[in-house]
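Written out below as C-alpha cells is the structure these notes cover.
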Amino acid sequence: MRKTNKNGIKIIILSLLFAFIMSGCIKIPVELYGYIDKDGDWVIEPYYHMALPCSDGMLAVRAGETEYGKWGFITKEGNVAVALVYDAVGLFNNGLAPVMQLDDDDNEVWWFIDKSGNDVFNKKFGGALSFSEGLAAVKSNEEDTDDYWGFINQKGEWAIEPTFPEVSSFSEGMAMYLEGVGSAGVAGYINTEGEIVIEARYTYARNFSEGYAAIKLSPDTEVQDWGYIDKDGNIIIDFSYGFGKQFSEGLAPVFIGDNLNGSWAYIDSSNKIQIPPGLSEAFSFSEGLAAIQTTFDAGTNWGFIDTNGKLVLGGKFSAASDFNEGIAPVGVIADR
C-alpha cells in the first residue's frame with residue numbers, strides 16, 4: 001500500500017489557501033483605523049492597523065499587525081511626515097516626540113525626534129514619555145542610574161535626576177512617582193522641581209486634571225476603592241468606585257459595581273451622577289465628546305456621547321479614542 005505524503009498535502013492546501021486569499025476569493029476581516037470629524041465624516045479613510053489621537057498637528061499611526069507593524073506619523077491631510085519605521089512612538093508636543101526601536105537583543109531604545117524625523121538630542125534612553133509642561137519622563141540607561149526614571153527639559157538636559165522606579169508625565173504641575181517595586185510599590189506625587197508633595201501611599205494613581213486625581217487604595221482589583229484627592233492630598237470623593245478616570249469638562253468616568261455586574265457612568269466634582277451607569281467602557285471628555293462602548297459584547301459598538309449623555313456619533317465603530325484638533329481615531333471592521 002502506498003503511503004500518503006501528509007506534509008506534501010498540507011503544503012498544497014496552504015498554497016491553495018494563500019492563492020485564494022491573494023486572488024480575493026477569501027477575505028479576512030481585520031480592524032482598520034482612520035480619523036473622523038465631529039460630523040462623523042472620514043477625514044482619513046480607515047487604512048492603518050492602529051492610530052492615536054491627533055497631537056501638535058501630527059497623527060501617530062501603525063501599519064501592520066502588532067508583532068510586525070511599524071509606527072510613524074502622518075499629517076492631518078493624510079501625508080506621511082515621518083516614515084513608519086518605529087516599533088513604538090509617543091505623541092508630539094511642542095514639536096518633539098519619543099520614538100522607539102528594538103535592538104538586536106530586543107531591548108527598547110528610545111530617543112526624541114522633530115517633525116522631520118531628525119534625532120534632536122542625540123541621546124538614547126531605556127524608556128520615554130511625551131513632553132508635557134516642558135518636561136519629558138525618561139528612563140536612564142546610564143550605568144549608575146540604569147532603569148530609573150527622571151525628567152529632561154527641551155534641551156535634552158536632566159531637569160529632575162533619575163531616581164524613581166516609575167513616573168508619569170506632568171499634568172497641572174504634578175507627576176506621579178512610584179516608591180518600591182512590584183506589588184509592594186506605592187504611588188505619590190512630585191512637583192516640577194522633583195520635590196515630593198504627596199507622599200507615596202496609593203496602589204494606583206492617575207494624573208491630576210481639573211484639580212483632582214483618581215487614586216486606588218488597595219492592590220486587590222476586586223475591591224471597589226477608587227476615589228479622588230486634591231493637590232493637598234485631601235479626599236474629595238470617597239473610595240467607593242471600581243475604577244476612576246480623569247476629570248475633563250467637569251465630568252469623570254467611574255465604574256460602578258463589581259467586575260461582573262458593574263458598568264461605567266459619569267460623575268461631577270461633587271460626586272453626583274450626571275450620566276447614569278450602563279456603559280461598558282467610557283473615556284474622559286475631549287472637545288465636548290467622549291468615546292464610549294455601548295454594550296459589553298465585542299463588535300461595532302463604539303461611539304461618542306455629548307456631556308448630556310446623548311449618543312451623537314453612534315455605536316458603529318469597533319474602537320474609538322479622543323477628539324483632538326477636531327478629529328478622532330476610530331476603528332472599523334473591514335475585509336482584506
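Identifiers in the C-alpha cells: chain A, B, ... in order shown; residue index from 1 per chain; ligand index from 1 in order shown.
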
Where does segment 132-191 of chain A meet segment 198-220 of chain A within 8 Å, residue by residue, with the nearest atom pair and distance in Å to one decimal for each, counting only C-alpha atoms, listed by chain and rising number, as JSON lines?
{"residue": "A:Ser168", "atom": "CA", "partner": "A:Asn207", "partner_atom": "CA", "distance": 7.4}
{"residue": "A:Ser169", "atom": "CA", "partner": "A:Asn207", "partner_atom": "CA", "distance": 7.8}
{"residue": "A:Phe170", "atom": "CA", "partner": "A:Asn207", "partner_atom": "CA", "distance": 7.5}
{"residue": "A:Ser171", "atom": "CA", "partner": "A:Phe208", "partner_atom": "CA", "distance": 5.8}
{"residue": "A:Glu172", "atom": "CA", "partner": "A:Phe208", "partner_atom": "CA", "distance": 6.3}
{"residue": "A:Met174", "atom": "CA", "partner": "A:Phe208", "partner_atom": "CA", "distance": 6.9}
{"residue": "A:Ala175", "atom": "CA", "partner": "A:Asn207", "partner_atom": "CA", "distance": 6.7}
{"residue": "A:Met176", "atom": "CA", "partner": "A:Ala205", "partner_atom": "CA", "distance": 6.7}
{"residue": "A:Tyr177", "atom": "CA", "partner": "A:Ala200", "partner_atom": "CA", "distance": 7.6}
{"residue": "A:Leu178", "atom": "CA", "partner": "A:Ala200", "partner_atom": "CA", "distance": 7.0}
{"residue": "A:Glu179", "atom": "CA", "partner": "A:Ala200", "partner_atom": "CA", "distance": 6.4}
{"residue": "A:Ser183", "atom": "CA", "partner": "A:Pro219", "partner_atom": "CA", "distance": 7.2}
{"residue": "A:Gly185", "atom": "CA", "partner": "A:Thr203", "partner_atom": "CA", "distance": 7.0}
{"residue": "A:Val186", "atom": "CA", "partner": "A:Thr203", "partner_atom": "CA", "distance": 5.0}
{"residue": "A:Ala187", "atom": "CA", "partner": "A:Ala200", "partner_atom": "CA", "distance": 4.4}
{"residue": "A:Gly188", "atom": "CA", "partner": "A:Ala200", "partner_atom": "CA", "distance": 3.7}
{"residue": "A:Tyr189", "atom": "CA", "partner": "A:Ile198", "partner_atom": "CA", "distance": 5.0}
{"residue": "A:Ile190", "atom": "CA", "partner": "A:Ile198", "partner_atom": "CA", "distance": 6.9}

Non-local contacts of Glu143 of chain A (12 Å; only C-alpha atoms; under 5 positions in same chain excluded) as an NGL selection string
:A and (125-126 or 148 or 162)

Keeping all heavy atoms, export the residues of the selection given above as a tab-separated table (two decimals), in the first residue's frame.
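Writing the result to selection_27.tsv gives the following:
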chain	number	residue	atom	x	y	z
A	125	PHE	N	17.60	56.47	25.45
A	125	PHE	CA	17.05	56.19	26.76
A	125	PHE	C	16.43	54.79	26.77
A	125	PHE	O	16.10	54.23	25.73
A	125	PHE	CB	15.99	57.22	27.13
A	125	PHE	CG	16.48	58.64	27.07
A	125	PHE	CD1	16.22	59.43	25.95
A	125	PHE	CD2	17.20	59.19	28.11
A	125	PHE	CE1	16.67	60.74	25.88
A	125	PHE	CE2	17.66	60.49	28.06
A	125	PHE	CZ	17.40	61.27	26.94
A	126	GLY	N	16.24	54.26	27.98
A	126	GLY	CA	15.61	52.95	28.12
A	126	GLY	C	14.10	53.02	28.08
A	126	GLY	O	13.43	51.99	28.00
A	148	TYR	N	16.19	53.68	36.16
A	148	TYR	CA	15.47	54.67	36.96
A	148	TYR	C	14.99	55.82	36.07
A	148	TYR	O	15.64	56.17	35.08
A	148	TYR	CB	16.36	55.21	38.09
A	148	TYR	CG	16.46	54.27	39.27
A	148	TYR	CD1	17.46	53.31	39.34
A	148	TYR	CD2	15.52	54.32	40.30
A	148	TYR	CE1	17.54	52.43	40.41
A	148	TYR	CE2	15.59	53.46	41.37
A	148	TYR	CZ	16.60	52.52	41.42
A	148	TYR	OH	16.68	51.63	42.48
A	162	PRO	N	17.31	61.00	37.52
A	162	PRO	CA	16.63	59.70	37.51
A	162	PRO	C	16.82	58.95	38.83
A	162	PRO	O	17.84	58.29	39.05
A	162	PRO	CB	17.29	58.96	36.34
A	162	PRO	CG	18.65	59.59	36.21
A	162	PRO	CD	18.48	61.02	36.61

At a cut-off of 8 Å, using only C-alpha atoms, what residues contact segment 250-258 of chain A? Leave out same-chain residues fewer than 3 positions from it and give the result as a list in words.
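Near segment 250-258 of chain A, the qualifying residues are Glu210, Glu222, Gln224, Tyr241, Gly242, Phe243, Gly244, Lys245, Gln246, Phe247, Asn261, Gly262, Ser263, Trp264, Ala265, Tyr266, Ile267, Asp268, Ser269, Gln274, Pro277, Ala282, Phe283, Ser284 and Phe285 of chain A.
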
The selected residues should be written to file as a PDB file, in the first residue's frame (atoms: N, CA and C atoms).
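Listed below is the output, part-v6.pdb:
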ATOM      1  N   GLU A 210      -8.136  69.099  36.296  1.00  0.00           N
ATOM      2  CA  GLU A 210      -9.140  69.962  36.904  1.00  0.00           C
ATOM      3  C   GLU A 210      -9.042  69.925  38.423  1.00  0.00           C
ATOM      4  N   GLU A 222     -10.458  43.420  42.858  1.00  0.00           N
ATOM      5  CA  GLU A 222     -11.860  43.140  43.165  1.00  0.00           C
ATOM      6  C   GLU A 222     -12.443  44.130  44.168  1.00  0.00           C
ATOM      7  N   GLN A 224     -13.555  47.661  45.478  1.00  0.00           N
ATOM      8  CA  GLN A 224     -14.000  48.923  44.885  1.00  0.00           C
ATOM      9  C   GLN A 224     -13.568  50.081  45.784  1.00  0.00           C
ATOM     10  N   TYR A 241     -15.469  53.412  44.199  1.00  0.00           N
ATOM     11  CA  TYR A 241     -15.681  53.026  42.810  1.00  0.00           C
ATOM     12  C   TYR A 241     -14.762  51.877  42.396  1.00  0.00           C
ATOM     13  N   GLY A 242     -15.224  51.122  41.400  1.00  0.00           N
ATOM     14  CA  GLY A 242     -14.415  50.035  40.870  1.00  0.00           C
ATOM     15  C   GLY A 242     -13.265  50.526  40.027  1.00  0.00           C
ATOM     16  N   PHE A 243     -13.388  51.739  39.491  1.00  0.00           N
ATOM     17  CA  PHE A 243     -12.315  52.377  38.725  1.00  0.00           C
ATOM     18  C   PHE A 243     -12.681  53.847  38.543  1.00  0.00           C
ATOM     19  N   GLY A 244     -11.686  54.675  38.353  1.00  0.00           N
ATOM     20  CA  GLY A 244     -11.937  56.086  38.107  1.00  0.00           C
ATOM     21  C   GLY A 244     -10.945  56.636  37.103  1.00  0.00           C
ATOM     22  N   LYS A 245     -11.418  57.522  36.224  1.00  0.00           N
ATOM     23  CA  LYS A 245     -10.550  58.158  35.242  1.00  0.00           C
ATOM     24  C   LYS A 245     -10.540  59.671  35.464  1.00  0.00           C
ATOM     25  N   GLN A 246      -9.826  60.384  34.615  1.00  0.00           N
ATOM     26  CA  GLN A 246      -9.596  61.801  34.837  1.00  0.00           C
ATOM     27  C   GLN A 246     -10.841  62.652  34.600  1.00  0.00           C
ATOM     28  N   PHE A 247     -10.934  63.724  35.410  1.00  0.00           N
ATOM     29  CA  PHE A 247     -11.942  64.743  35.160  1.00  0.00           C
ATOM     30  C   PHE A 247     -11.570  65.537  33.908  1.00  0.00           C
ATOM     31  N   ASN A 261     -20.886  42.664  37.256  1.00  0.00           N
ATOM     32  CA  ASN A 261     -22.199  43.283  37.103  1.00  0.00           C
ATOM     33  C   ASN A 261     -22.165  44.801  36.985  1.00  0.00           C
ATOM     34  N   GLY A 262     -20.980  45.394  37.051  1.00  0.00           N
ATOM     35  CA  GLY A 262     -20.893  46.841  37.040  1.00  0.00           C
ATOM     36  C   GLY A 262     -20.896  47.445  35.648  1.00  0.00           C
ATOM     37  N   SER A 263     -20.905  48.770  35.593  1.00  0.00           N
ATOM     38  CA  SER A 263     -20.830  49.494  34.322  1.00  0.00           C
ATOM     39  C   SER A 263     -20.327  50.908  34.597  1.00  0.00           C
ATOM     40  N   TRP A 264     -20.062  51.644  33.520  1.00  0.00           N
ATOM     41  CA  TRP A 264     -19.491  52.978  33.625  1.00  0.00           C
ATOM     42  C   TRP A 264     -20.585  54.049  33.653  1.00  0.00           C
ATOM     43  N   ALA A 265     -20.279  55.103  34.420  1.00  0.00           N
ATOM     44  CA  ALA A 265     -21.132  56.285  34.495  1.00  0.00           C
ATOM     45  C   ALA A 265     -20.219  57.505  34.529  1.00  0.00           C
ATOM     46  N   TYR A 266     -20.810  58.697  34.596  1.00  0.00           N
ATOM     47  CA  TYR A 266     -20.025  59.933  34.731  1.00  0.00           C
ATOM     48  C   TYR A 266     -20.523  60.713  35.938  1.00  0.00           C
ATOM     49  N   ILE A 267     -19.572  61.175  36.744  1.00  0.00           N
ATOM     50  CA  ILE A 267     -19.904  61.998  37.910  1.00  0.00           C
ATOM     51  C   ILE A 267     -19.329  63.398  37.732  1.00  0.00           C
ATOM     52  N   ASP A 268     -19.867  64.365  38.517  1.00  0.00           N
ATOM     53  CA  ASP A 268     -19.262  65.694  38.565  1.00  0.00           C
ATOM     54  C   ASP A 268     -18.380  65.789  39.803  1.00  0.00           C
ATOM     55  N   SER A 269     -17.783  66.942  40.034  1.00  0.00           N
ATOM     56  CA  SER A 269     -16.806  67.082  41.115  1.00  0.00           C
ATOM     57  C   SER A 269     -17.439  67.032  42.508  1.00  0.00           C
ATOM     58  N   GLN A 274     -24.053  62.358  36.735  1.00  0.00           N
ATOM     59  CA  GLN A 274     -24.633  63.194  35.691  1.00  0.00           C
ATOM     60  C   GLN A 274     -25.029  62.391  34.461  1.00  0.00           C
ATOM     61  N   PRO A 277     -25.214  54.969  34.971  1.00  0.00           N
ATOM     62  CA  PRO A 277     -24.493  53.744  34.603  1.00  0.00           C
ATOM     63  C   PRO A 277     -25.166  53.042  33.429  1.00  0.00           C
ATOM     64  N   ALA A 282     -15.827  53.765  28.945  1.00  0.00           N
ATOM     65  CA  ALA A 282     -16.030  55.211  28.849  1.00  0.00           C
ATOM     66  C   ALA A 282     -14.697  55.933  28.990  1.00  0.00           C
ATOM     67  N   PHE A 283     -14.464  56.901  28.108  1.00  0.00           N
ATOM     68  CA  PHE A 283     -13.272  57.741  28.152  1.00  0.00           C
ATOM     69  C   PHE A 283     -13.635  59.110  28.716  1.00  0.00           C
ATOM     70  N   SER A 284     -12.618  59.867  29.118  1.00  0.00           N
ATOM     71  CA  SER A 284     -12.842  61.241  29.551  1.00  0.00           C
ATOM     72  C   SER A 284     -13.264  62.101  28.361  1.00  0.00           C
ATOM     73  N   PHE A 285     -13.956  63.210  28.658  1.00  0.00           N
ATOM     74  CA  PHE A 285     -14.411  64.097  27.590  1.00  0.00           C
ATOM     75  C   PHE A 285     -13.248  64.886  26.995  1.00  0.00           C
TER      76      PHE A 285
END

From a backbone DSSP assignment, name each residue in segment 210-283 of chain A labelled strand (DSSP E), as an MDAnalysis selection string.
chainID A and resid 213:216 226:229 235:241 243:244 252:256 263:267 273:279 281:282

Can you tell me, as a PyMOL selection string, what residues are no more than 10 Å from segment 85-95 of chain A when counting only C-alpha atoms, ignoring any on the same chain fewer than 3 positions away?
chain A and resi 52-63+66-73+82+98-102+108-116+128-134+136+154

File of the preceding selection, N, CA and C atoms, as a CSV table (one decimal), in the first residue's frame:
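Saved to selection_2.csv:
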chain,number,residue,atom,x,y,z
A,52,LEU,N,-3.5,56.8,17.0
A,52,LEU,CA,-3.6,57.6,18.2
A,52,LEU,C,-4.2,58.9,18.0
A,53,PRO,N,-4.7,59.6,19.0
A,53,PRO,CA,-5.3,60.9,18.8
A,53,PRO,C,-4.3,61.9,18.3
A,54,CYS,N,-4.8,62.9,17.5
A,54,CYS,CA,-4.0,64.0,17.0
A,54,CYS,C,-3.3,64.8,18.1
A,55,SER,N,-2.1,65.2,17.9
A,55,SER,CA,-1.4,66.0,18.8
A,55,SER,C,-0.4,66.8,18.1
A,56,ASP,N,-0.4,68.1,18.3
A,56,ASP,CA,0.5,69.0,17.7
A,56,ASP,C,0.5,68.9,16.2
A,57,GLY,N,-0.7,68.7,15.6
A,57,GLY,CA,-0.9,68.6,14.2
A,57,GLY,C,-0.4,67.3,13.6
A,58,MET,N,0.0,66.3,14.4
A,58,MET,CA,0.6,65.1,13.8
A,58,MET,C,-0.3,63.9,14.3
A,59,LEU,N,-0.3,62.9,13.5
A,59,LEU,CA,-1.1,61.7,13.8
A,59,LEU,C,-0.2,60.5,13.8
A,60,ALA,N,-0.1,59.8,15.0
A,60,ALA,CA,0.7,58.6,15.1
A,60,ALA,C,-0.1,57.4,14.6
A,61,VAL,N,0.4,56.7,13.7
A,61,VAL,CA,-0.3,55.5,13.1
A,61,VAL,C,0.7,54.3,13.0
A,62,ARG,N,0.1,53.1,13.0
A,62,ARG,CA,0.8,51.9,12.7
A,62,ARG,C,0.3,51.2,11.6
A,63,ALA,N,1.2,50.7,10.7
A,63,ALA,CA,0.8,49.9,9.5
A,63,ALA,C,1.3,48.5,9.8
A,66,THR,N,0.4,43.8,15.2
A,66,THR,CA,1.1,44.2,16.4
A,66,THR,C,2.6,43.7,16.4
A,67,GLU,N,2.8,42.4,16.0
A,67,GLU,CA,4.2,41.9,16.1
A,67,GLU,C,5.1,42.5,15.1
A,68,TYR,N,4.6,42.7,13.9
A,68,TYR,CA,5.4,43.2,12.8
A,68,TYR,C,5.2,44.6,12.3
A,69,GLY,N,4.1,45.2,12.8
A,69,GLY,CA,3.8,46.5,12.3
A,69,GLY,C,4.8,47.6,12.7
A,70,LYS,N,4.8,48.7,12.0
A,70,LYS,CA,5.7,49.8,12.3
A,70,LYS,C,4.9,51.1,12.4
A,71,TRP,N,5.4,51.9,13.3
A,71,TRP,CA,4.8,53.2,13.6
A,71,TRP,C,5.5,54.4,12.9
A,72,GLY,N,4.7,55.4,12.7
A,72,GLY,CA,5.3,56.6,12.2
A,72,GLY,C,4.2,57.7,12.3
A,73,PHE,N,4.4,58.8,11.6
A,73,PHE,CA,3.5,59.9,11.7
A,73,PHE,C,3.0,60.4,10.3
A,82,VAL,N,6.7,61.5,8.9
A,82,VAL,CA,7.8,60.7,9.4
A,82,VAL,C,7.6,59.2,9.1
A,98,PRO,N,8.7,61.2,21.4
A,98,PRO,CA,9.6,60.0,21.6
A,98,PRO,C,9.3,58.9,20.6
A,99,VAL,N,10.3,58.2,20.2
A,99,VAL,CA,10.2,57.0,19.3
A,99,VAL,C,11.1,55.9,19.8
A,100,MET,N,10.7,54.7,19.4
A,100,MET,CA,11.5,53.5,19.9
A,100,MET,C,11.7,52.5,18.8
A,101,GLN,N,12.9,51.9,18.9
A,101,GLN,CA,13.2,50.7,18.1
A,101,GLN,C,13.9,49.7,19.0
A,102,LEU,N,13.6,48.4,18.7
A,102,LEU,CA,14.2,47.3,19.5
A,102,LEU,C,15.6,47.1,18.9
A,108,GLU,N,14.5,47.9,24.4
A,108,GLU,CA,13.9,49.1,23.9
A,108,GLU,C,15.0,50.2,23.9
A,109,VAL,N,15.1,50.9,22.8
A,109,VAL,CA,16.0,52.1,22.7
A,109,VAL,C,15.1,53.3,22.2
A,110,TRP,N,15.0,54.3,23.1
A,110,TRP,CA,14.2,55.4,22.8
A,110,TRP,C,15.0,56.7,22.6
A,111,TRP,N,14.5,57.6,21.7
A,111,TRP,CA,15.0,58.9,21.6
A,111,TRP,C,14.0,59.8,21.1
A,112,PHE,N,14.3,61.1,20.9
A,112,PHE,CA,13.3,62.1,20.5
A,112,PHE,C,13.6,62.6,19.1
A,113,ILE,N,12.5,62.8,18.4
A,113,ILE,CA,12.6,63.3,17.0
A,113,ILE,C,11.8,64.6,16.9
A,114,ASP,N,12.1,65.4,15.8
A,114,ASP,CA,11.3,66.5,15.4
A,114,ASP,C,10.3,66.1,14.3
A,115,LYS,N,9.6,67.0,13.8
A,115,LYS,CA,8.6,66.7,12.8
A,115,LYS,C,9.1,66.3,11.5
A,116,SER,N,10.4,66.3,11.3
A,116,SER,CA,11.1,65.8,10.1
A,116,SER,C,11.7,64.5,10.3
A,128,ALA,N,10.7,56.3,27.5
A,128,ALA,CA,10.4,57.8,27.3
A,128,ALA,C,9.0,58.0,27.1
A,129,LEU,N,8.5,59.1,27.7
A,129,LEU,CA,7.1,59.5,27.5
A,129,LEU,C,7.1,60.9,26.8
A,130,SER,N,6.0,61.3,26.3
A,130,SER,CA,5.9,62.5,25.6
A,130,SER,C,6.1,63.7,26.5
A,131,PHE,N,6.6,64.8,25.9
A,131,PHE,CA,6.8,66.1,26.7
A,131,PHE,C,5.4,66.6,27.1
A,132,SER,N,5.4,67.1,28.3
A,132,SER,CA,4.2,67.8,28.9
A,132,SER,C,4.7,68.8,29.9
A,133,GLU,N,4.2,70.0,29.7
A,133,GLU,CA,4.6,71.1,30.6
A,133,GLU,C,6.1,71.4,30.6
A,134,GLY,N,6.7,71.1,29.4
A,134,GLY,CA,8.1,71.4,29.2
A,134,GLY,C,9.1,70.4,29.6
A,136,ALA,N,9.9,65.9,29.9
A,136,ALA,CA,9.6,64.6,29.4
A,136,ALA,C,10.2,63.6,30.4
A,154,GLN,N,13.6,70.6,27.4
A,154,GLN,CA,13.5,70.6,25.9
A,154,GLN,C,14.9,70.8,25.2

Can you list, as a PyMOL selection string, every protein, DNA or RNA residue that comes within 12 Å of Gly299 of chain A when you count only C-alpha atoms, leaving out same-chain residues fewer than 3 positions away?
chain A and resi 29-31+293-296+302-303+315-319+331-333

Near Pro329 of chain A, counting only C-alpha atoms, which residues have an atom at most 7 Å away, once you skip same-chain residues fewer than 5 positions from it, shown as an mmCIF file with C-alpha atoms, in the first residue's frame?
data_model
loop_
_atom_site.group_PDB
_atom_site.id
_atom_site.type_symbol
_atom_site.label_atom_id
_atom_site.label_comp_id
_atom_site.auth_asym_id
_atom_site.auth_seq_id
_atom_site.Cartn_x
_atom_site.Cartn_y
_atom_site.Cartn_z
ATOM 1 C CA TYR A 33 -8.248 52.701 11.728
ATOM 2 C CA GLY A 34 -8.846 56.116 10.258
ATOM 3 C CA TYR A 35 -9.941 59.542 11.507
ATOM 4 C CA ILE A 36 -13.368 61.185 11.556
ATOM 5 C CA ALA A 51 -3.988 55.126 15.330
ATOM 6 C CA LEU A 52 -3.566 57.569 18.231
ATOM 7 C CA PRO A 53 -5.285 60.919 18.835
ATOM 8 C CA ALA A 320 -12.639 54.896 19.292
ATOM 9 C CA SER A 321 -10.491 57.392 21.153
#

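Of note, atom CA of Leu32 of chain A and atom CA of Gly278 of chain A are spaced 26.9 Å apart.
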
Which value, in Å to one decimal, gives the distance between atom CA of Val167 of chain A and atom CA of Ser286 of chain A?
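Calculated distance between atom CA of Val167 of chain A and atom CA of Ser286 of chain A is 24.0 Å.
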
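Relative to atom CA of Asn301 of chain A, atom CA of Leu260 of chain A is found at 19.1 Å.
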
Top pick for closest residue to Asn153 of chain A, considering A:Lys272, A:Leu84, A:Thr192, A:Lys231 and counting only C-alpha atoms:
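Distance minimum relative to Asn153 of chain A lands on A:Thr192.
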